[in-house]
Amino acid sequence: MMYVKVKAKDVRFTIPVPYVFLNVAISILSSKFVQQSANKWTKEHFERKNIDFTIPLIDKKTLKPIVQELKNYKGIVLVDVKAKDGTEVKVRL
C-alpha cells in the first residue's frame with residue numbers, strides 16, 4: 001500500500017493507495033484510446049507553440065513489474081516535498 005500524506009495550514013490528511021489502484025491506473029493510461037486522445041487534445045497547443053512533440057506510448061508490460069518490485073520496499077519514502085508556505089507532501093510505500 002502506498003500512502004500519500006498532505007499537510008497544509010488548516011488541512012492534514014493521509015490517502016492510502018492500494019497497489020490494485022496503481023495497476024488499474026496503469027491499464028487505463030496505457031490504453032490506446034487514452035493515448036490517442038491525449039495526443040489529440042495537446043496537438044493544438046503544441047502547434048500554437050511551434051513544438052514538435054507527441055506523448056510517448058506507455059507500455060503496460062514495462063510498468064507492471066515496477067509496481068510489483070515496489071512491494072518489496074515497504075516504508076521507503078518516494079517523495080518528500082516542503083514548500084515555503086509550510087505545505088508538505090510525502091509519498092511512502
# chains A, B, ... in the order shown; residues from 1 in each chain; ligands from 1

call {"tool": "select_by_dssp", "arguments": {"residues": "chain A", "states": "helix (DSSP H, G or I)", "output": "ChimeraX atom specification"}}
result
/A:19-29,32-48,60-70

call {"tool": "atom_distance", "arguments": {"atom1": "atom CA of Phe13 of chain A", "atom2": "atom CA of Lys74 of chain A"}}
result
20.1 Å

call {"tool": "atom_distance", "arguments": {"atom1": "atom CA of Val91 of chain A", "atom2": "atom CA of Asp59 of chain A"}}
result
23.5 Å

call {"tool": "residues_around", "arguments": {"residues": "segment 48-55 of chain A", "least_positions_apart": "3", "cutoff": "12 Å", "atoms": "only C-alpha atoms", "output": "PDB file with N, CA and C atoms, in the first residue's frame"}}
result
ATOM      1  N   LEU A  29      -4.118   4.246 -18.373  1.00  0.00           N
ATOM      2  CA  LEU A  29      -3.213   5.191 -19.031  1.00  0.00           C
ATOM      3  C   LEU A  29      -2.468   4.580 -20.202  1.00  0.00           C
ATOM      4  N   SER A  30      -2.309   3.260 -20.203  1.00  0.00           N
ATOM      5  CA  SER A  30      -1.594   2.629 -21.302  1.00  0.00           C
ATOM      6  C   SER A  30      -2.524   2.196 -22.434  1.00  0.00           C
ATOM      7  N   LYS A  32      -4.764   2.401 -25.733  1.00  0.00           N
ATOM      8  CA  LYS A  32      -4.578   3.171 -26.974  1.00  0.00           C
ATOM      9  C   LYS A  32      -5.547   4.340 -27.053  1.00  0.00           C
ATOM     10  N   VAL A  34      -6.815   6.245 -24.627  1.00  0.00           N
ATOM     11  CA  VAL A  34      -6.376   7.370 -23.792  1.00  0.00           C
ATOM     12  C   VAL A  34      -5.163   8.050 -24.411  1.00  0.00           C
ATOM     13  N   GLN A  35      -4.232   7.269 -24.923  1.00  0.00           N
ATOM     14  CA  GLN A  35      -3.028   7.853 -25.507  1.00  0.00           C
ATOM     15  C   GLN A  35      -3.344   8.637 -26.782  1.00  0.00           C
ATOM     16  N   GLN A  36      -4.237   8.107 -27.613  1.00  0.00           N
ATOM     17  CA  GLN A  36      -4.630   8.838 -28.820  1.00  0.00           C
ATOM     18  C   GLN A  36      -5.387  10.103 -28.458  1.00  0.00           C
ATOM     19  N   SER A  37      -6.242  10.035 -27.462  1.00  0.00           N
ATOM     20  CA  SER A  37      -6.996  11.217 -27.031  1.00  0.00           C
ATOM     21  C   SER A  37      -6.056  12.277 -26.464  1.00  0.00           C
ATOM     22  N   ALA A  38      -5.068  11.872 -25.687  1.00  0.00           N
ATOM     23  CA  ALA A  38      -4.118  12.829 -25.112  1.00  0.00           C
ATOM     24  C   ALA A  38      -3.332  13.529 -26.211  1.00  0.00           C
ATOM     25  N   ASN A  39      -2.908  12.791 -27.216  1.00  0.00           N
ATOM     26  CA  ASN A  39      -2.195  13.416 -28.329  1.00  0.00           C
ATOM     27  C   ASN A  39      -3.097  14.367 -29.104  1.00  0.00           C
ATOM     28  N   LYS A  40      -4.364  13.987 -29.253  1.00  0.00           N
ATOM     29  CA  LYS A  40      -5.311  14.847 -29.969  1.00  0.00           C
ATOM     30  C   LYS A  40      -5.575  16.134 -29.191  1.00  0.00           C
ATOM     31  N   TRP A  41      -5.722  16.031 -27.863  1.00  0.00           N
ATOM     32  CA  TRP A  41      -6.023  17.195 -27.034  1.00  0.00           C
ATOM     33  C   TRP A  41      -4.847  18.160 -26.967  1.00  0.00           C
ATOM     34  N   THR A  42      -3.632  17.643 -26.983  1.00  0.00           N
ATOM     35  CA  THR A  42      -2.454  18.504 -26.852  1.00  0.00           C
ATOM     36  C   THR A  42      -1.918  18.983 -28.198  1.00  0.00           C
ATOM     37  N   LYS A  43      -2.389  18.414 -29.283  1.00  0.00           N
ATOM     38  CA  LYS A  43      -1.867  18.744 -30.608  1.00  0.00           C
ATOM     39  C   LYS A  43      -2.011  20.230 -30.925  1.00  0.00           C
ATOM     40  N   GLU A  44      -3.180  20.787 -30.664  1.00  0.00           N
ATOM     41  CA  GLU A  44      -3.428  22.197 -30.982  1.00  0.00           C
ATOM     42  C   GLU A  44      -2.499  23.120 -30.185  1.00  0.00           C
ATOM     43  N   HIS A  45      -2.322  22.837 -28.921  1.00  0.00           N
ATOM     44  CA  HIS A  45      -1.438  23.658 -28.077  1.00  0.00           C
ATOM     45  C   HIS A  45       0.007  23.592 -28.580  1.00  0.00           C
ATOM     46  N   ILE A  58       2.899   4.537 -23.444  1.00  0.00           N
ATOM     47  CA  ILE A  58       3.191   3.945 -22.144  1.00  0.00           C
ATOM     48  C   ILE A  58       2.969   2.448 -22.277  1.00  0.00           C
TER      49      ILE A  58
END

call {"tool": "atom_distance", "arguments": {"atom1": "atom CA of Lys71 of chain A", "atom2": "atom CA of Ala25 of chain A"}}
result
16.5 Å

call {"tool": "select_by_dssp", "arguments": {"residues": "segment 9-79 of chain A", "states": "strand (DSSP E or B)", "output": "JSON, numbers by chain"}}
result
{"A": [12, 13, 14, 15, 16, 17, 77, 78, 79]}

call {"tool": "write_last_selection", "arguments": {"atoms": "C-alpha atoms", "output": "PDB file, in the first residue's frame"}}
result
ATOM      1  CA  ARG A  12      -3.890  17.425   7.228  1.00  0.00           C
ATOM      2  CA  PHE A  13      -4.872  14.125   5.618  1.00  0.00           C
ATOM      3  CA  THR A  14      -3.484  10.770   4.510  1.00  0.00           C
ATOM      4  CA  ILE A  15      -4.645   8.909   1.423  1.00  0.00           C
ATOM      5  CA  PRO A  16      -3.904   5.175   1.289  1.00  0.00           C
ATOM      6  CA  VAL A  17      -3.469   3.964  -2.297  1.00  0.00           C
ATOM      7  CA  VAL A  77       9.862   7.463   1.097  1.00  0.00           C
ATOM      8  CA  LEU A  78       9.493   8.228  -2.617  1.00  0.00           C
ATOM      9  CA  VAL A  79       8.588  11.918  -2.391  1.00  0.00           C
TER      10      VAL A  79
END

call {"tool": "residues_around", "arguments": {"residues": "Ser27 of chain A", "least_positions_apart": "3", "cutoff": "10 Å", "atoms": "only C-alpha atoms", "output": "PyMOL selection string"}}
result
chain A and resi 21-24+30-31+58-61+63-64

call {"tool": "write_last_selection", "arguments": {"atoms": "C-alpha atoms", "output": "PDB file, in the first residue's frame"}}
result
ATOM      1  CA  PHE A  21      -5.420   1.029  -7.906  1.00  0.00           C
ATOM      2  CA  LEU A  22      -1.937   1.617  -9.330  1.00  0.00           C
ATOM      3  CA  ASN A  23      -2.358  -1.388 -11.624  1.00  0.00           C
ATOM      4  CA  VAL A  24      -5.775  -0.155 -12.768  1.00  0.00           C
ATOM      5  CA  SER A  30      -1.594   2.629 -21.302  1.00  0.00           C
ATOM      6  CA  SER A  31      -4.747   2.054 -23.355  1.00  0.00           C
ATOM      7  CA  ILE A  58       3.191   3.945 -22.144  1.00  0.00           C
ATOM      8  CA  ASP A  59       3.922   0.224 -22.105  1.00  0.00           C
ATOM      9  CA  LYS A  60       1.874  -1.705 -19.551  1.00  0.00           C
ATOM     10  CA  LYS A  61       4.232  -4.686 -19.709  1.00  0.00           C
ATOM     11  CA  LEU A  63       5.294  -0.673 -15.711  1.00  0.00           C
ATOM     12  CA  LYS A  64       3.542  -3.634 -14.060  1.00  0.00           C
TER      13      LYS A  64
END
